[in-house]
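Shown below: run23.txt, with compact mmCIF, C-alpha atoms and all ligand atoms.
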# COMPACT_ATOMS: atom_id res chain seq x y z
CA MET D 6 -8.55 -4.39 -23.02
CA ASN D 7 -7.11 -2.63 -19.95
CA HIS D 8 -5.35 0.56 -20.94
CA ILE D 9 -2.47 1.62 -18.69
CA VAL D 10 -0.72 4.92 -19.36
CA LEU D 11 2.82 5.78 -18.27
CA LYS D 12 4.25 9.30 -18.16
CA LYS D 13 7.91 10.04 -17.61
CA THR D 14 8.08 12.65 -14.83
CA GLU D 15 11.15 13.91 -13.05
CA GLY D 16 10.76 15.68 -9.71
CA TYR D 17 7.80 17.11 -7.85
CA SER D 18 7.74 20.72 -8.96
CA ARG D 19 4.15 21.93 -9.08
CA ASP D 20 4.02 22.72 -12.79
CA THR D 21 5.81 19.53 -13.77
CA VAL D 22 3.44 17.28 -11.85
CA ASP D 23 0.33 19.18 -12.93
CA GLY D 24 1.29 19.06 -16.61
CA ALA D 25 2.32 15.40 -16.39
CA ILE D 26 -0.96 14.26 -14.82
CA ARG D 27 -2.97 16.13 -17.45
CA ARG D 28 -1.02 14.41 -20.23
CA LEU D 29 -1.22 11.10 -18.37
CA LEU D 30 -5.01 11.19 -18.38
CA GLU D 31 -5.45 12.43 -21.97
CA PRO D 32 -5.33 8.95 -23.57
CA LEU D 33 -7.94 7.80 -21.03
CA GLY D 34 -10.30 10.65 -21.93
CA GLY D 35 -9.18 13.19 -19.31
CA MET D 36 -10.65 13.71 -15.85
CA GLY D 37 -14.08 14.37 -17.42
CA ALA D 38 -14.25 10.70 -18.44
CA PHE D 39 -14.27 9.69 -14.78
CA VAL D 40 -15.90 12.52 -12.87
CA LYS D 41 -19.11 14.42 -13.53
CA PRO D 42 -20.12 17.91 -12.34
CA GLY D 43 -21.57 17.98 -8.83
CA GLU D 44 -20.14 14.61 -7.78
CA ARG D 45 -18.37 14.09 -4.48
CA VAL D 46 -15.01 12.59 -5.35
CA LEU D 47 -12.98 10.84 -2.68
CA LEU D 48 -9.23 11.01 -3.29
CA LYS D 49 -7.48 8.17 -1.48
CA PRO D 50 -3.72 8.78 -1.14
CA ASN D 51 -1.32 6.55 0.79
CA LEU D 52 -1.14 8.16 4.22
CA LEU D 53 0.56 5.31 6.06
CA SER D 54 2.29 7.35 8.74
CA ALA D 55 3.54 10.81 9.65
CA LYS D 56 6.61 11.14 7.43
CA PRO D 57 7.81 14.05 5.29
CA PRO D 58 7.30 13.82 1.52
CA GLU D 59 10.99 13.15 0.86
CA ALA D 60 10.80 9.91 2.88
CA ALA D 61 8.64 8.48 0.05
CA VAL D 62 6.29 6.80 2.53
CA THR D 63 3.21 8.80 1.51
CA THR D 64 1.75 10.02 -1.77
CA ASN D 65 3.45 13.26 -2.69
CA PRO D 66 1.32 16.36 -1.95
CA GLU D 67 1.89 17.80 -5.43
CA VAL D 68 0.25 14.74 -6.99
CA LEU D 69 -2.74 15.35 -4.76
CA ARG D 70 -2.78 19.07 -5.57
CA ALA D 71 -2.87 18.40 -9.31
CA VAL D 72 -5.70 15.88 -9.01
CA ILE D 73 -7.70 18.20 -6.73
CA GLY D 74 -7.39 20.96 -9.34
CA MET D 75 -8.50 18.71 -12.19
CA VAL D 76 -11.51 17.37 -10.27
CA ARG D 77 -12.56 20.96 -9.50
CA GLU D 78 -12.22 22.00 -13.14
CA VAL D 79 -14.79 19.36 -14.03
CA GLY D 80 -17.17 20.94 -11.50
CA ALA D 81 -16.99 18.15 -8.93
CA LEU D 82 -16.16 18.31 -5.23
CA PRO D 83 -12.88 16.64 -4.20
CA VAL D 84 -12.39 15.42 -0.63
CA VAL D 85 -9.39 13.55 0.74
CA GLY D 86 -9.57 10.61 3.13
CA ASP D 87 -7.62 7.68 4.50
CA SER D 88 -7.12 5.67 7.67
CA PRO D 89 -3.41 5.79 8.56
CA GLY D 90 -1.67 2.73 9.94
CA VAL D 91 -0.42 4.76 12.85
CA GLY D 92 -1.29 8.19 14.23
CA ARG D 93 -4.17 10.56 13.71
CA LEU D 94 -5.10 11.39 10.14
CA ARG D 95 -4.62 15.12 10.65
CA ARG D 96 -1.12 14.67 12.07
CA VAL D 97 -0.12 12.34 9.20
CA ALA D 98 -1.57 14.79 6.66
CA GLU D 99 0.32 17.63 8.29
CA LYS D 100 3.70 15.90 8.34
CA SER D 101 3.35 14.54 4.81
CA GLY D 102 2.69 18.02 3.40
CA ILE D 103 -0.83 17.07 2.38
CA LEU D 104 -2.60 19.22 4.97
CA GLN D 105 -0.96 22.34 3.55
CA VAL D 106 -2.25 21.47 0.07
CA LEU D 107 -5.73 20.90 1.48
CA GLU D 108 -5.69 24.25 3.25
CA GLU D 109 -4.40 26.08 0.19
CA THR D 110 -7.02 24.50 -2.05
CA GLY D 111 -9.88 24.59 0.47
CA THR D 112 -10.32 20.82 0.36
CA GLU D 113 -11.93 18.82 3.15
CA LEU D 114 -9.96 16.11 4.98
CA VAL D 115 -12.32 13.23 5.75
CA GLU D 116 -11.71 10.88 8.67
CA PHE D 117 -12.31 7.21 8.01
CA ASP D 118 -13.68 6.67 11.48
CA GLU D 119 -17.20 5.44 10.78
CA PRO D 120 -17.37 1.83 9.58
CA LEU D 121 -20.16 0.50 7.41
CA GLN D 122 -20.78 -3.24 7.22
CA VAL D 123 -20.84 -4.77 3.77
CA ASP D 124 -21.32 -8.40 2.81
CA GLY D 125 -18.33 -10.00 1.16
CA ALA D 126 -18.80 -11.45 -2.28
CA GLY D 127 -16.24 -14.23 -2.04
CA PHE D 128 -14.26 -16.09 0.60
CA PHE D 129 -14.83 -13.53 3.37
CA ARG D 130 -18.35 -13.05 4.60
CA ARG D 131 -18.29 -9.50 5.90
CA PHE D 132 -16.17 -6.37 5.79
CA GLU D 133 -16.35 -3.09 7.64
CA LEU D 134 -15.19 -0.28 5.38
CA ALA D 135 -15.17 3.46 5.89
CA ARG D 136 -18.51 5.11 5.14
CA PRO D 137 -16.99 8.05 3.20
CA TYR D 138 -15.17 5.56 0.98
CA LEU D 139 -18.26 3.50 0.23
CA GLU D 140 -20.62 6.45 -0.17
CA ALA D 141 -18.50 8.71 -2.38
CA ASP D 142 -19.85 9.19 -5.90
CA ARG D 143 -16.35 8.51 -7.24
CA VAL D 144 -13.13 7.18 -5.78
CA ILE D 145 -9.75 8.12 -7.20
CA ASN D 146 -7.02 5.89 -5.80
CA LEU D 147 -3.64 7.64 -5.44
CA PRO D 148 -1.14 5.00 -4.28
CA LYS D 149 2.57 5.39 -3.76
CA LEU D 150 4.68 2.68 -5.40
CA LYS D 151 6.66 0.94 -2.65
CA THR D 152 8.07 -2.36 -1.57
CA HIS D 153 6.13 -4.17 1.14
CA GLY D 154 7.63 -6.66 3.59
CA MET D 155 4.60 -8.92 3.47
CA MET D 156 3.15 -8.46 -0.04
CA THR D 157 6.51 -7.57 -1.73
CA MET D 158 4.92 -4.57 -3.45
CA THR D 159 2.25 -2.09 -2.45
CA CYS D 160 0.56 -0.18 -5.22
CA ALA D 161 -3.05 0.24 -6.37
CA VAL D 162 -4.75 -2.82 -4.80
CA LYS D 163 -2.95 -2.70 -1.45
CA ASN D 164 -3.63 1.04 -1.07
CA LEU D 165 -7.34 0.26 -0.80
CA PHE D 166 -6.71 -1.56 2.51
CA GLY D 167 -6.79 1.99 3.94
CA ALA D 168 -10.58 1.82 3.51
CA VAL D 169 -10.66 -0.51 6.51
CA VAL D 170 -11.25 1.67 9.55
CA GLY D 171 -8.41 1.94 12.11
CA ALA D 172 -8.32 -1.07 14.42
CA GLY D 173 -10.16 -3.16 11.84
CA LYS D 174 -6.83 -3.48 10.02
CA ILE D 175 -5.32 -5.20 13.03
CA ALA D 176 -8.18 -7.68 13.08
CA TRP D 177 -7.62 -8.47 9.41
CA HIS D 178 -3.92 -8.97 9.96
CA LEU D 179 -4.77 -11.39 12.72
CA ARG D 180 -7.30 -13.25 10.62
CA ALA D 181 -5.44 -13.44 7.34
CA GLY D 182 -1.96 -12.13 8.06
CA GLU D 183 -0.26 -15.47 8.68
CA ASP D 184 -1.09 -16.66 5.20
CA ARG D 185 0.10 -14.26 2.52
CA ASP D 186 -2.09 -15.76 -0.18
CA LEU D 187 -5.13 -15.37 2.03
CA PHE D 188 -4.18 -11.80 2.90
CA ALA D 189 -3.79 -11.00 -0.80
CA ARG D 190 -7.21 -12.49 -1.46
CA MET D 191 -8.67 -10.32 1.28
CA LEU D 192 -7.16 -7.22 -0.35
CA LEU D 193 -8.71 -8.17 -3.67
CA GLU D 194 -12.12 -8.76 -2.11
CA ILE D 195 -11.96 -5.28 -0.58
CA TYR D 196 -11.20 -3.89 -4.02
CA LEU D 197 -14.13 -5.77 -5.54
CA LEU D 198 -16.57 -4.35 -2.97
CA ARG D 199 -15.92 -0.80 -4.12
CA LYS D 200 -13.89 -0.53 -7.28
CA PRO D 201 -12.04 2.76 -7.64
CA ASP D 202 -13.00 4.75 -10.71
CA LEU D 203 -9.43 5.72 -11.52
CA ASN D 204 -5.94 4.92 -10.21
CA ILE D 205 -3.01 7.31 -10.48
CA VAL D 206 0.24 5.95 -9.06
CA ASP D 207 2.93 8.21 -7.67
CA ALA D 208 6.04 6.38 -8.85
CA ILE D 209 8.09 9.51 -9.46
CA VAL D 210 10.09 8.68 -6.35
CA ALA D 211 9.20 5.17 -5.20
CA MET D 212 10.45 3.25 -2.17
CA GLU D 213 12.80 0.29 -2.51
CA GLY D 214 14.28 -2.11 0.04
CA ASP D 215 12.68 -2.30 3.43
CA GLY D 216 9.26 -0.88 2.56
CA PRO D 217 6.60 0.22 3.11
CA SER D 218 7.96 2.59 5.76
CA SER D 219 11.67 1.93 6.37
CA GLY D 220 12.95 1.59 2.81
CA ASP D 221 14.93 4.02 0.69
CA PRO D 222 13.51 6.55 -1.77
CA ARG D 223 14.29 5.50 -5.33
CA ASN D 224 13.82 7.64 -8.39
CA VAL D 225 11.65 5.75 -10.87
CA GLY D 226 10.48 8.92 -12.62
CA LEU D 227 7.00 7.75 -13.59
CA LEU D 228 3.32 8.39 -13.13
CA ILE D 229 1.05 5.44 -13.95
CA ALA D 230 -2.69 5.61 -14.59
CA GLY D 231 -5.39 3.07 -15.32
CA VAL D 232 -8.94 2.11 -14.45
CA ASN D 233 -8.29 -1.42 -13.24
CA PRO D 234 -5.99 -1.52 -10.18
CA VAL D 235 -5.08 -5.16 -10.81
CA ALA D 236 -3.78 -4.25 -14.27
CA VAL D 237 -2.04 -1.18 -12.85
CA ASP D 238 -0.23 -3.42 -10.36
CA VAL D 239 0.74 -5.94 -13.05
CA ILE D 240 2.45 -3.16 -15.01
CA ALA D 241 4.02 -1.58 -11.90
CA ALA D 242 5.54 -4.95 -11.00
CA GLU D 243 6.81 -5.35 -14.55
CA ILE D 244 8.46 -1.94 -14.34
CA LEU D 245 10.22 -2.98 -11.13
CA LYS D 246 10.99 -6.44 -12.57
CA ILE D 247 9.54 -8.25 -9.56
CA PRO D 248 9.26 -12.02 -10.13
CA LYS D 249 5.70 -13.34 -10.23
CA ARG D 250 6.36 -15.85 -7.42
CA LEU D 251 6.78 -12.90 -5.02
CA LEU D 252 3.62 -11.10 -6.16
CA TYR D 253 0.96 -12.42 -3.81
CA VAL D 254 -1.78 -10.08 -5.01
CA GLU D 255 -1.17 -10.91 -8.66
CA ARG D 256 -1.12 -14.63 -7.95
CA ALA D 257 -4.34 -14.43 -5.93
CA ALA D 258 -5.95 -12.39 -8.73
CA GLU D 259 -5.02 -15.15 -11.16
CA LYS D 260 -6.61 -17.79 -8.94
CA MET D 261 -9.74 -15.64 -8.73
CA ALA D 262 -9.63 -15.14 -12.53
CA LEU D 263 -9.98 -11.38 -12.07
CA ALA D 264 -10.10 -9.00 -15.00
CA GLY D 265 -6.83 -7.16 -15.52
CA VAL D 266 -4.43 -9.86 -14.35
CA ASP D 267 -3.92 -11.47 -17.76
CA ARG D 268 -1.01 -9.59 -19.30
CA SER D 269 -2.34 -10.18 -22.82
CA THR D 270 -5.36 -8.03 -21.92
CA ILE D 271 -3.24 -5.01 -20.93
CA GLN D 272 -2.21 -2.35 -23.37
CA VAL D 273 0.48 0.15 -22.28
CA SER D 274 0.94 3.57 -23.85
CA GLY D 275 2.55 6.93 -23.12
CA TYR D 276 6.12 5.76 -22.57
CA PRO D 277 8.00 2.62 -23.65
CA LEU D 278 7.71 -0.01 -20.94
CA ASP D 279 11.15 -1.48 -21.57
CA THR D 280 12.71 1.99 -21.17
CA ALA D 281 10.70 2.57 -17.99
CA GLN D 282 11.93 -0.65 -16.38
CA VAL D 283 14.25 -0.45 -13.39
CA SER D 284 16.78 -3.24 -13.42
CA ASP D 285 18.20 -3.16 -9.90
CA PHE D 286 15.21 -2.20 -7.76
CA LYS D 287 15.87 -3.54 -4.26
CA LEU D 288 13.15 -5.81 -2.90
CA PRO D 289 12.33 -6.35 0.77
CA PRO D 290 14.12 -9.19 2.54
CA LEU D 291 12.64 -12.58 1.69
CA SER D 292 10.61 -13.39 4.76
CA ASP D 293 9.53 -16.99 4.40
CA VAL D 294 9.78 -20.24 2.51
CA GLN D 295 6.90 -22.48 3.45
CA PHE D 296 6.88 -25.11 0.69
CA GLY D 297 3.13 -25.60 1.14
CA LEU D 298 3.60 -27.33 4.50
CA PRO D 299 0.44 -28.17 6.44
CA ARG D 300 -0.45 -25.29 8.72
CA PHE D 301 -0.05 -27.19 12.02
CA LEU D 302 3.46 -28.33 11.01
CA ALA D 303 4.38 -24.92 9.62
CA ARG D 304 3.47 -23.35 12.97
CA HIS D 305 5.82 -25.64 14.86
CA ILE D 306 8.91 -25.19 12.76
CA ARG D 307 8.29 -21.74 11.38
CA HIS D 308 11.09 -20.15 13.38
CA TYR D 309 13.49 -21.98 11.05
CA PHE D 310 12.00 -20.98 7.73
CA THR D 311 10.63 -17.52 8.38
CA ALA D 312 12.15 -14.16 9.08
CA TYR D 313 11.06 -12.52 12.29
CA PRO D 314 11.30 -9.05 13.85
CA TYR D 315 13.57 -8.27 16.74
CA PRO D 316 13.84 -5.05 18.78
CA ILE D 317 16.96 -2.92 18.31
CA ALA D 318 17.37 -1.79 21.92
CA GLU D 319 19.54 1.27 21.20
CA LYS D 320 16.92 2.72 18.82
CA CYS D 321 13.75 1.73 20.69
CA ARG D 322 12.09 4.51 22.74
CA LEU D 323 9.60 2.03 24.24
CA CYS D 324 6.77 4.16 22.86
CA GLY D 325 4.48 1.12 22.61
CA ILE D 326 3.13 1.91 19.12
CA CYS D 327 4.17 -1.51 17.81
CA ARG D 328 2.87 -3.33 20.89
CA ASP D 329 -0.52 -1.65 20.61
CA ALA D 330 -0.78 -2.49 16.90
CA CYS D 331 0.52 -6.07 17.08
CA PRO D 332 -2.47 -8.15 15.86
CA PRO D 333 -1.99 -11.19 18.14
CA GLY D 334 -0.65 -9.19 21.10
CA ALA D 335 2.77 -10.81 20.86
CA MET D 336 4.71 -7.76 22.07
CA GLU D 337 5.25 -6.65 25.61
CA ILE D 338 7.21 -3.89 27.33
CA ARG D 339 8.58 -4.97 30.67
CA ASP D 340 11.58 -4.07 32.81
CA GLY D 341 12.56 -1.31 30.37
CA SER D 342 12.73 -3.60 27.31
CA LEU D 343 10.53 -4.68 24.41
CA PHE D 344 9.88 -8.41 24.14
CA ILE D 345 8.33 -10.48 21.36
CA ASP D 346 6.65 -13.82 21.97
CA TYR D 347 7.61 -15.73 18.82
CA GLN D 348 5.06 -18.46 19.47
CA LYS D 349 2.33 -15.85 19.10
CA CYS D 350 3.99 -13.72 16.39
CA ILE D 351 2.36 -14.23 12.98
CA ARG D 352 5.18 -12.51 11.03
CA CYS D 353 2.90 -9.82 9.66
CA PHE D 354 5.59 -7.13 10.21
CA CYS D 355 2.99 -4.53 11.14
CA CYS D 356 5.36 -3.60 13.96
CA ARG D 357 8.14 -2.72 11.51
CA GLU D 358 5.70 -0.93 9.26
CA LEU D 359 4.52 1.30 12.07
CA CYS D 360 7.64 1.91 14.19
CA PRO D 361 8.55 5.57 13.71
CA ASP D 362 12.15 4.96 14.80
CA HIS D 363 13.14 2.00 12.61
CA ALA D 364 13.81 0.17 15.86
CA LEU D 365 12.84 -3.30 14.69
CA GLY D 366 15.25 -5.37 12.66
CA VAL D 367 14.66 -8.63 10.80
CA ARG D 368 16.42 -11.92 11.47
CA GLU D 369 16.16 -14.86 9.15
CA GLY D 370 15.51 -18.41 10.33
CA ARG D 371 18.31 -20.90 9.64
CA LEU D 372 16.43 -22.82 6.97
CA LEU D 373 15.40 -19.62 5.26
CA ARG D 374 19.05 -18.51 5.10
CA ILE D 375 20.05 -21.78 3.46
CA MET D 376 17.10 -21.83 1.06
CA LYS D 377 17.70 -18.27 -0.09
CA LYS D 378 20.78 -19.50 -1.89
CA TYR D 379 18.62 -21.72 -4.07
CA ILE D 380 15.48 -19.69 -4.71
S1 LIG E 1 10.14 -0.74 18.42
FE1 LIG E 1 9.52 1.26 17.68
S2 LIG E 1 7.29 1.33 17.87
FE2 LIG E 1 8.03 -0.36 19.12
S3 LIG E 1 8.26 0.49 21.17
FE3 LIG E 1 10.26 0.65 20.16
S4 LIG E 1 10.28 2.68 19.21
FE4 LIG E 1 8.14 2.24 19.74
S1 LIG E 2 5.52 -9.00 16.62
FE1 LIG E 2 5.39 -7.79 14.74
S2 LIG E 2 5.45 -9.35 13.12
FE2 LIG E 2 4.95 -10.40 15.02
S3 LIG E 2 2.73 -10.45 15.05
FE3 LIG E 2 3.35 -8.66 16.21
S4 LIG E 2 3.29 -7.01 14.68
FE4 LIG E 2 3.27 -8.92 13.55

What do you get writing this file as C-alpha cells?
Amino acid sequence: MNHIVLKKTEGYSRDTVDGAIRRLLEPLGGMGAFVKPGERVLLKPNLLSAKPPEAAVTTNPEVLRAVIGMVREVGALPVVGDSPGVGRLRRVAEKSGILQVLEETGTELVEFDEPLQVDGAGFFRRFELARPYLEADRVINLPKLKTHGMMTMTCAVKNLFGAVVGAGKIAWHLRAGEDRDLFARMLLEIYLLRKPDLNIVDAIVAMEGDGPSSGDPRNVGLLIAGVNPVAVDVIAAEILKIPKRLLYVERAAEKMALAGVDRSTIQVSGYPLDTAQVSDFKLPPLSDVQFGLPRFLARHIRHYFTAYPYPIAEKCRLCGICRDACPPGAMEIRDGSLFIDYQKCIRCFCCRELCPDHALGVREGRLLRIMKKYI
C-alpha cells in the first residue's frame, strides 16, 4: 500500500510551514525513517527559472528551510541542487529566495553540471543524469504543484527531469517532445533510474492556468508527502480534479504497470481528500488532438489540430533565450523580430516555459478549436 499524507497549511510563515511538515511526516515515521546520521541528502526543489517566491514558479524557500532543519536534526548533511530550465542556478536560487535560506542555514548549493551516463532500463537506452543526484545517499524531492502546458500537471515525477543536466533537457525534448506519451515515459524512466527516498510537495500556493511559468498562483493550502512519486502525482491530480485523459504521466505509468499508479493501492491520511479537492482549478490550454493519427500524416496536418506558440511583438525584448533553448532550432531573430518555423516546431512549448517576459502566446489550430467543443 502506498501511503500519501496531506496536511492543510495556509501561508508560508516560517513556524507554520515547519510545524506542518513535521506533522506531515509523522504518519510516515518522521524524517528519521528516510535519512540516517552522516548521510549526504540531496534536496531537489523546483528551480525552473529566476522568479520570486510569490510567482509560484519555484518551491517556496520556507519549505526548503524546514526540510533542511529536519535533515540536520537527524544528523545528516543536506545539500540543495537542481538544473534550472533557464539561467544560472545561483541566480535562480537568489531570485527565488532559496539562496538566502541556504546562506542562513549554511547549506551548500550544488550545481548539476557534471553528467554521469547510466543505462536505461526500459525503452530508452541511455541517460545522462547529474552526478550529485545519482551519488547522493538520499534524495528528497521537493516539487511545486503546477499546471504544465505539455504534461498538464507537473508534480513529483516531472520535477525529477531537473536531474538531466542543462542542455541535455533540450535534447530530450527534441527526441521525445513531439509525442507526449513518449515524453511521459521518458520522465518515468528517469524516475526509475534513481528513485527519490521521499517526496514533499509544495501545494500551499500552486500554479493554475498557463503553467509551469506563466500561470497564476492559486491557493490550494496543502502539503503532500509520500514515498512513491507516481502515487503522489495520482493524488495531486485527484485534488485538482484533472481528468485522466490529460494526465500523460499517469497514463504512461499505467501502461508500464508501475507501482503506485493503481488508485486502489493508495491510502490517503492526514486530511480528507474530498475536502482538499479544488473544483475550479484552471488547466493549461488544450494543445492538441491527434486521434492516434500516423506520425507522417500528423506532421503534415498538425497545424490544424495543435496549438502553437507565437511571439507577442510588444512584449518581446529579443533576448534570444527561447531561440537558444528551442530543441529543433525552429526560432530565429532577424530584422528586429522573432520568427518561428512551424514546419520545424515540435510544439514542446519550452519557449513559453522559459521566456521571462511572457512574450509568447498560444494560438489554436482550426480543427483543435472545433474539437474542443466536443472533448
Ligand atoms: S519571446 Fe521571450 S525569450 Fe523569446 S526572445 Fe522574446 S523576450 Fe526573449
Ligand atoms: S518554437 Fe517553441 S514550441 Fe516550437 S519547438 Fe521551439 S521551443 Fe518548442

From the options D:Arg199, D:Ala181, D:Glu194, D:Thr270, which residue's atoms come nearest to ligand LIG 2 (chain E), counting all atoms listed in the file?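 Answer, going by the shortest atom-to-atom distance: D:Ala181.
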
Contact check, segment 96-188 of chain D to segment 64-68 of chain D, at most 7 Å, counting all atoms listed in the file, closest pairs as a tab-separated table:
residue	atom	partner	partner_atom	distance
D:Gly102	CA	D:Pro66	CA	5.8
D:Ile103	CA	D:Pro66	CA	4.9
D:Val106	CA	D:Pro66	CA	6.6
D:Leu147	CA	D:Thr64	CA	6.9
D:Pro148	CA	D:Thr64	CA	6.3
D:Lys149	CA	D:Thr64	CA	5.1

Now that the selection is made, can you save its residues with C-alpha atoms as an mmCIF file, in the frame of the given file?
data_model
loop_
_atom_site.group_PDB
_atom_site.id
_atom_site.type_symbol
_atom_site.label_atom_id
_atom_site.label_comp_id
_atom_site.auth_asym_id
_atom_site.auth_seq_id
_atom_site.Cartn_x
_atom_site.Cartn_y
_atom_site.Cartn_z
ATOM 1 C CA GLY D 102 2.690 18.020 3.400
ATOM 2 C CA ILE D 103 -0.830 17.070 2.380
ATOM 3 C CA VAL D 106 -2.250 21.470 0.070
ATOM 4 C CA LEU D 147 -3.640 7.640 -5.440
ATOM 5 C CA PRO D 148 -1.140 5.000 -4.280
ATOM 6 C CA LYS D 149 2.570 5.390 -3.760
#

What is the atom CA of Ile26 of chain D to atom CA of Pro50 of chain D distance in Å? 15.0 Å

Please identify the residues whose atoms come within 8 Å of ligand LIG 1 (chain E), using only C-alpha atoms and all ligand atoms, and report them as a list in words.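 Within the 8 Å cut-off, the matching residues are Pro316, Ile317, Ala318, Lys320, Cys321, Arg322, Leu323, Cys324, Gly325, Ile326, Cys327, Arg328, Ile338, Leu343, Cys356, Arg357, Leu359, Cys360, Pro361, Asp362, His363, Ala364 and Leu365 of chain D.
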
Distance atom CA of Gly167 of chain D-atom CA of Asn51 of chain D, one decimal place? 7.8 Å

What does the list of residues within 7 Å of ligand LIG 2 (chain E) look like if you count all atoms listed in the file, written as a list in words?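 If we count all atoms listed in the file, the neighbours of ligand LIG 2 (chain E) turn out to be Tyr313, Pro314, Cys327, Ala330, Cys331, Pro332, Pro333, Gly334, Ala335, Met336, Ile345, Lys349, Cys350, Ile351, Arg352, Cys353, Phe354, Cys355, Cys356 and Arg357 of chain D.
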
Export of the given selection (C-alpha atoms) as a PDB file, in the coordinates of the input:
ATOM      1  CA  TYR D 313      11.060 -12.520  12.290  1.00  0.00           C
ATOM      2  CA  PRO D 314      11.300  -9.050  13.850  1.00  0.00           C
ATOM      3  CA  CYS D 327       4.170  -1.510  17.810  1.00  0.00           C
ATOM      4  CA  ALA D 330      -0.780  -2.490  16.900  1.00  0.00           C
ATOM      5  CA  CYS D 331       0.520  -6.070  17.080  1.00  0.00           C
ATOM      6  CA  PRO D 332      -2.470  -8.150  15.860  1.00  0.00           C
ATOM      7  CA  PRO D 333      -1.990 -11.190  18.140  1.00  0.00           C
ATOM      8  CA  GLY D 334      -0.650  -9.190  21.100  1.00  0.00           C
ATOM      9  CA  ALA D 335       2.770 -10.810  20.860  1.00  0.00           C
ATOM     10  CA  MET D 336       4.710  -7.760  22.070  1.00  0.00           C
ATOM     11  CA  ILE D 345       8.330 -10.480  21.360  1.00  0.00           C
ATOM     12  CA  LYS D 349       2.330 -15.850  19.100  1.00  0.00           C
ATOM     13  CA  CYS D 350       3.990 -13.720  16.390  1.00  0.00           C
ATOM     14  CA  ILE D 351       2.360 -14.230  12.980  1.00  0.00           C
ATOM     15  CA  ARG D 352       5.180 -12.510  11.030  1.00  0.00           C
ATOM     16  CA  CYS D 353       2.900  -9.820   9.660  1.00  0.00           C
ATOM     17  CA  PHE D 354       5.590  -7.130  10.210  1.00  0.00           C
ATOM     18  CA  CYS D 355       2.990  -4.530  11.140  1.00  0.00           C
ATOM     19  CA  CYS D 356       5.360  -3.600  13.960  1.00  0.00           C
ATOM     20  CA  ARG D 357       8.140  -2.720  11.510  1.00  0.00           C
TER      21      ARG D 357
END

Counting all atoms listed in the file, the option among D:Val91, D:Ala172, D:Ala257, D:Leu69 closest to Lys49 of chain D: D:Leu69

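Distances here use all atoms listed in the file; by that measure, the residue among D:Ala189, D:Leu198, D:Val97, D:Val237 closest to Glu259 of chain D is D:Ala189.
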
Atom CA of Pro248 of chain D to atom CA of Leu192 of chain D, straight-line distance in Å: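 Separation of atom CA of Leu192 of chain D and atom CA of Pro248 of chain D: 19.7 Å.
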
Neighbouring residues of Val62 of chain D were defined as those with any atom within 12 Å, considering all atoms listed in the file; residues of the same chain fewer than 5 positions away were excluded. Please report them as a VMD selection string. chain D and resid 50 to 57 89 to 90 97 to 98 100 to 102 148 to 153 159 to 160 207 to 208 210 to 213 215 to 223 358 to 359 361

Using all atoms listed in the file, which residues of segment 166-284 of chain D come within 12 Å of segment 27-31 of chain D, and what is the closest atom pair for each, with the distance in Å to one decimal? Give it as CSV, sorted by chain and residue number.
residue,atom,partner,partner_atom,distance
D:Leu203,CA,D:Leu30,CA,9.8
D:Asn204,CA,D:Leu30,CA,10.3
D:Ile205,CA,D:Leu29,CA,8.9
D:Val206,CA,D:Leu29,CA,10.7
D:Asp207,CA,D:Leu29,CA,11.8
D:Leu227,CA,D:Leu29,CA,10.1
D:Leu228,CA,D:Leu29,CA,7.4
D:Ile229,CA,D:Leu29,CA,7.5
D:Ala230,CA,D:Leu29,CA,6.8
D:Gly231,CA,D:Leu30,CA,8.7
D:Val232,CA,D:Leu30,CA,10.6
D:Val273,CA,D:Leu29,CA,11.8
D:Ser274,CA,D:Leu29,CA,9.6
D:Gly275,CA,D:Leu29,CA,7.4
D:Tyr276,CA,D:Leu29,CA,10.0

Residues of the last selection are to be written out with C-alpha atoms, as a compact mmCIF listing (two decimals), in the frame of the given file.
# COMPACT_ATOMS: atom_id res chain seq x y z
CA LEU D 203 -9.43 5.72 -11.52
CA ASN D 204 -5.94 4.92 -10.21
CA ILE D 205 -3.01 7.31 -10.48
CA VAL D 206 0.24 5.95 -9.06
CA ASP D 207 2.93 8.21 -7.67
CA LEU D 227 7.00 7.75 -13.59
CA LEU D 228 3.32 8.39 -13.13
CA ILE D 229 1.05 5.44 -13.95
CA ALA D 230 -2.69 5.61 -14.59
CA GLY D 231 -5.39 3.07 -15.32
CA VAL D 232 -8.94 2.11 -14.45
CA VAL D 273 0.48 0.15 -22.28
CA SER D 274 0.94 3.57 -23.85
CA GLY D 275 2.55 6.93 -23.12
CA TYR D 276 6.12 5.76 -22.57

Compare D:Thr112, D:Asn224, D:Gln272, D:Thr14 by their minimum atom-to-atom distance to Leu33 of chain D, counting all atoms listed in the file, and give me the closest one.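 Closest candidate: D:Gln272.
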
Which one is closest to Ala38 of chain D: D:Arg143, D:Lys13, D:Arg95, D:Lys287? Count only C-alpha atoms. D:Arg143

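Nearest residue to Val144 of chain D, choosing from D:Ala71, D:Val162, D:Val40, D:Leu11 and counting only C-alpha atoms: D:Val40.
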
Compile the contact shell of Glu78 of chain D as number ranges by chain: residues with an atom at most 10 Å away, counting only C-alpha atoms, same-chain residues fewer than 3 positions apart removed. D: 36-37, 42, 72-75, 81-82
